[in-house]
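For reference, target.txt is printed below; it contains compact mmCIF, C-alpha atoms.
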```
# COMPACT_ATOMS: atom_id res chain seq x y z
CA MET A 1 219.00 -4.40 -0.59
CA THR A 2 215.72 -2.97 -1.86
CA ARG A 3 214.12 -0.51 0.58
CA VAL A 4 210.34 -0.90 0.80
CA LEU A 5 207.88 1.35 2.60
CA VAL A 6 204.61 -0.45 3.45
CA ILE A 7 201.73 1.99 3.95
CA HIS A 8 198.69 0.26 5.41
CA HIS A 9 195.82 1.35 7.66
CA ASP A 10 195.61 -2.08 9.35
CA ILE A 11 198.68 -2.66 11.53
CA ASP A 12 198.18 -6.44 11.62
CA LEU A 13 198.05 -6.73 7.83
CA ALA A 14 200.99 -4.34 7.54
CA ASP A 15 202.96 -6.58 9.92
CA GLN A 16 202.14 -9.64 7.78
CA GLU A 17 203.25 -7.91 4.57
CA THR A 18 206.38 -6.60 6.28
CA ASP A 19 207.34 -10.01 7.68
CA SER A 20 206.78 -11.66 4.29
CA LEU A 21 208.98 -9.12 2.53
CA ARG A 22 211.73 -9.25 5.16
CA ARG A 23 211.89 -13.05 4.77
CA ARG A 24 212.54 -12.41 1.09
CA GLY A 25 215.45 -10.08 1.81
CA TYR A 26 213.80 -6.66 1.59
CA ASP A 27 214.58 -3.81 4.00
CA VAL A 28 211.09 -2.77 5.10
CA ARG A 29 209.65 0.16 7.06
CA GLN A 30 205.99 0.80 7.87
CA CYS A 31 203.64 3.76 7.94
CA MET A 32 199.92 3.85 8.77
CA GLY A 33 199.37 6.72 6.34
CA PRO A 34 196.96 9.53 7.18
CA ILE A 35 194.99 7.30 9.55
CA GLY A 36 198.02 7.00 11.87
CA SER A 37 199.22 10.61 11.79
CA SER A 38 199.19 13.71 9.64
CA CYS A 39 200.36 12.96 6.12
CA PRO A 40 202.71 15.45 4.49
CA ILE A 41 201.57 14.43 0.99
CA LEU A 42 197.97 15.46 1.71
CA SER A 43 199.38 18.83 2.83
CA GLY A 44 201.31 19.24 -0.43
CA LEU A 45 204.70 18.45 1.16
CA PRO A 46 207.27 15.75 0.38
CA CYS A 47 207.36 12.63 2.56
CA ASP A 48 210.69 11.81 4.24
CA LEU A 49 209.79 8.11 4.50
CA ALA A 50 209.02 7.93 0.77
CA GLU A 51 212.28 9.68 -0.10
CA GLY A 52 214.17 6.91 1.72
CA ALA A 53 212.40 4.09 -0.13
CA ASP A 54 213.08 2.36 -3.44
CA VAL A 55 209.42 1.31 -3.77
CA LEU A 56 206.15 1.93 -1.92
CA VAL A 57 203.55 -0.75 -1.15
CA TYR A 58 200.24 1.05 -0.57
CA ASP A 59 196.96 -0.28 0.77
CA ALA A 60 194.38 0.97 -1.76
CA PHE A 61 192.12 2.02 1.10
CA VAL A 62 194.77 3.57 3.35
CA THR A 63 192.71 6.70 3.93
CA GLY A 64 189.49 4.79 4.61
CA GLU A 65 187.75 6.18 1.53
CA PRO A 66 188.33 5.75 -2.22
CA GLU A 67 188.54 9.47 -3.04
CA GLY A 68 191.08 10.07 -0.28
CA ALA A 69 193.21 7.16 -1.45
CA GLN A 70 193.15 8.48 -5.01
CA ALA A 71 194.21 11.96 -3.84
CA LEU A 72 197.00 10.44 -1.75
CA ILE A 73 198.36 8.31 -4.61
CA GLU A 74 198.17 11.22 -7.07
CA GLY A 75 199.94 13.47 -4.57
CA MET A 76 202.63 10.86 -3.97
CA ARG A 77 203.18 10.44 -7.73
CA GLU A 78 203.53 14.20 -8.10
CA MET A 79 205.85 14.69 -5.08
CA HIS A 80 207.92 11.54 -5.61
CA PRO A 81 207.60 10.51 -9.28
CA GLN A 82 210.84 8.50 -9.12
CA VAL A 83 209.52 6.09 -6.45
CA PRO A 84 207.37 3.29 -7.93
CA ILE A 85 204.16 2.29 -6.17
CA VAL A 86 202.55 -1.12 -5.76
CA LEU A 87 198.88 -0.54 -4.96
CA VAL A 88 197.39 -3.47 -3.02
CA ALA A 89 193.63 -4.02 -3.24
CA SER A 90 192.60 -7.16 -1.38
CA GLY A 91 189.12 -7.15 -2.90
CA MET A 92 188.20 -5.18 -5.98
CA GLU A 93 190.56 -2.94 -7.89
CA PRO A 94 189.48 0.70 -7.50
CA GLU A 95 188.16 2.22 -10.72
CA TRP A 96 190.56 5.18 -10.49
CA ILE A 97 193.78 3.15 -10.74
CA GLU A 98 196.10 4.23 -13.55
CA THR A 99 198.84 1.85 -14.70
CA ALA A 100 200.62 4.33 -16.96
CA GLY A 101 201.30 8.01 -17.08
CA ALA A 102 202.10 10.49 -14.35
CA HIS A 103 199.90 8.73 -11.75
CA GLY A 104 200.71 5.17 -12.84
CA VAL A 105 200.99 2.39 -10.27
CA THR A 106 201.49 -1.37 -10.32
CA PRO A 107 198.21 -2.91 -9.08
CA LEU A 108 198.12 -6.07 -6.97
CA VAL A 109 194.54 -7.29 -6.63
CA GLY A 110 193.70 -10.19 -4.34
CA ASN A 111 195.58 -11.81 -1.50
CA PRO A 112 198.98 -10.07 -1.11
CA THR A 113 201.08 -13.15 -0.35
CA GLY A 114 204.81 -12.70 0.03
CA ASP A 115 205.48 -14.15 -3.42
CA ARG A 116 202.86 -11.93 -5.06
CA LEU A 117 204.17 -8.85 -3.24
CA ALA A 118 207.75 -9.60 -4.28
CA ALA A 119 206.69 -10.14 -7.91
CA ALA A 120 204.73 -6.88 -7.95
CA ILE A 121 207.68 -5.02 -6.41
CA GLN A 122 210.01 -6.37 -9.08
CA GLU A 123 207.50 -5.40 -11.77
CA ALA A 124 207.19 -1.91 -10.30
CA LEU A 125 210.95 -1.53 -10.18
CA GLY A 126 211.09 -2.62 -13.81
CA ALA A 127 213.59 -5.35 -13.05
CA LEU A 128 213.63 -9.09 -12.77
CA ALA A 129 214.61 -10.71 -9.52
CA PRO A 130 218.36 -11.24 -9.54
CA ALA A 131 219.34 -14.66 -10.77
CA GLN A 132 220.74 -16.98 -8.15
CA PRO A 133 224.16 -18.34 -9.12
CA SER A 134 224.21 -22.04 -9.55
CA VAL A 135 226.63 -23.63 -7.13
CA GLU A 136 227.65 -27.24 -7.46
CA PRO A 137 228.27 -29.18 -4.27
CA PRO A 138 231.90 -30.17 -3.67
CA GLY A 139 232.86 -33.29 -5.58
CA ALA A 140 229.94 -33.09 -8.00
CA GLN A 141 230.59 -34.30 -11.49
CA PRO A 142 229.56 -32.06 -14.38
CA GLU A 143 226.61 -33.35 -16.41
CA THR A 144 227.40 -34.57 -19.89
```
Could you show the structure in this file as structure tokens?
Amino acid sequence: MTRVLVIHHDIDLADQETDSLRRRGYDVRQCMGPIGSSCPILSGLPCDLAEGADVLVYDAFVTGEPEGAQALIEGMREMHPQVPIVLVASGMEPEWIETAGAHGVTPLVGNPTGDRLAAAIQEALGALAPAQPSVEPPGAQPET
């Protein structure tokens, strides 16, 4: 099961994203980022929650200001380069977003519905969603 850490400054929106992802089979934890408590990344330290995740889903405005969010994402990429990041921007995509390189993220601009979040997570992980095996009901005749 894919472990997702949702980092969002708005607890209600974080709950919605978390519920949507859990319904799709993800193991999800939440963090309010630096608005909720001190953030180890902004202090130049690794984040225990990030180390336990397969992918991070970040609110682009988690710090409340664009420059702070950029510093947080860059710090996270430097401390945890192996953990992909989906950067959610409900409105406009921040100008500083990089999609490649050391600070690269997978942007998700617009309404972060469960389906869109799941697709962005799969893109960030660099994998397609696992194919569902086709199961025929008992007594079904094969098509010819």
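Going from atom CA of Gly126 of chain A to atom CA of His103 of chain A covers 16.1 Å.
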Across A:Cys31, A:Leu72, A:Ala124, A:Ala53, the smallest distance to Arg3 of chain A, with only C-alpha atoms counted, is shown by A:Ala53
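Closest approach to Leu117 of chain A from the set A:Ile73, A:Leu21, A:Cys47, A:Met1 is made by A:Leu21, with distances taken over all atoms listed in the file.
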Find the residues near Ile97 of chain A: any atom within 10 Å, counting all atoms listed in the file, skip ones fewer than 4 places away on the same chain, and give them as an NGL selection string. :A and (60 or 70 or 73-74 or 87 or 93 or 103-107)
Would you mind listing what lies within 9 Å of His80 of chain A as a PyMOL selection string, with only C-alpha atoms counted and same-chain residues fewer than 5 positions away left out? chain A and resi 46-47+50-51+75
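In this comparison, which uses only C-alpha atoms, the residue of A:Asp10, A:Asp48, A:Glu98, A:Glu17 approaching Val62 of chain A most closely is A:Asp10.
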How far is it from atom CA of His8 of chain A to atom CA of Ala89 of chain A, in Å with one decimal? 10.9 Å
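Residue neighbourhood of Arg29 of chain A, excluding near-sequence residues (fewer than 6 positions): Arg3, Val4, Leu5, Val6, Ile7, Thr18, Leu49 and Ala53 of chain A, at 9 Å, using only C-alpha atoms.
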Considering only C-alpha atoms, state which residue in the set A:Ala100, A:Leu108, A:Leu42, A:Ile85 is at the smallest distance from Thr63 of chain A. A:Leu42
Go through A:Asp115, A:Asp12, A:Asp59, A:Asp19 and flag the residue nearest Val86 of chain A, using only C-alpha atoms for the distances. A:Asp59
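Atom pair atom CA of Ala119 of chain A / atom CA of Val28 of chain A: separated by 15.6 Å.
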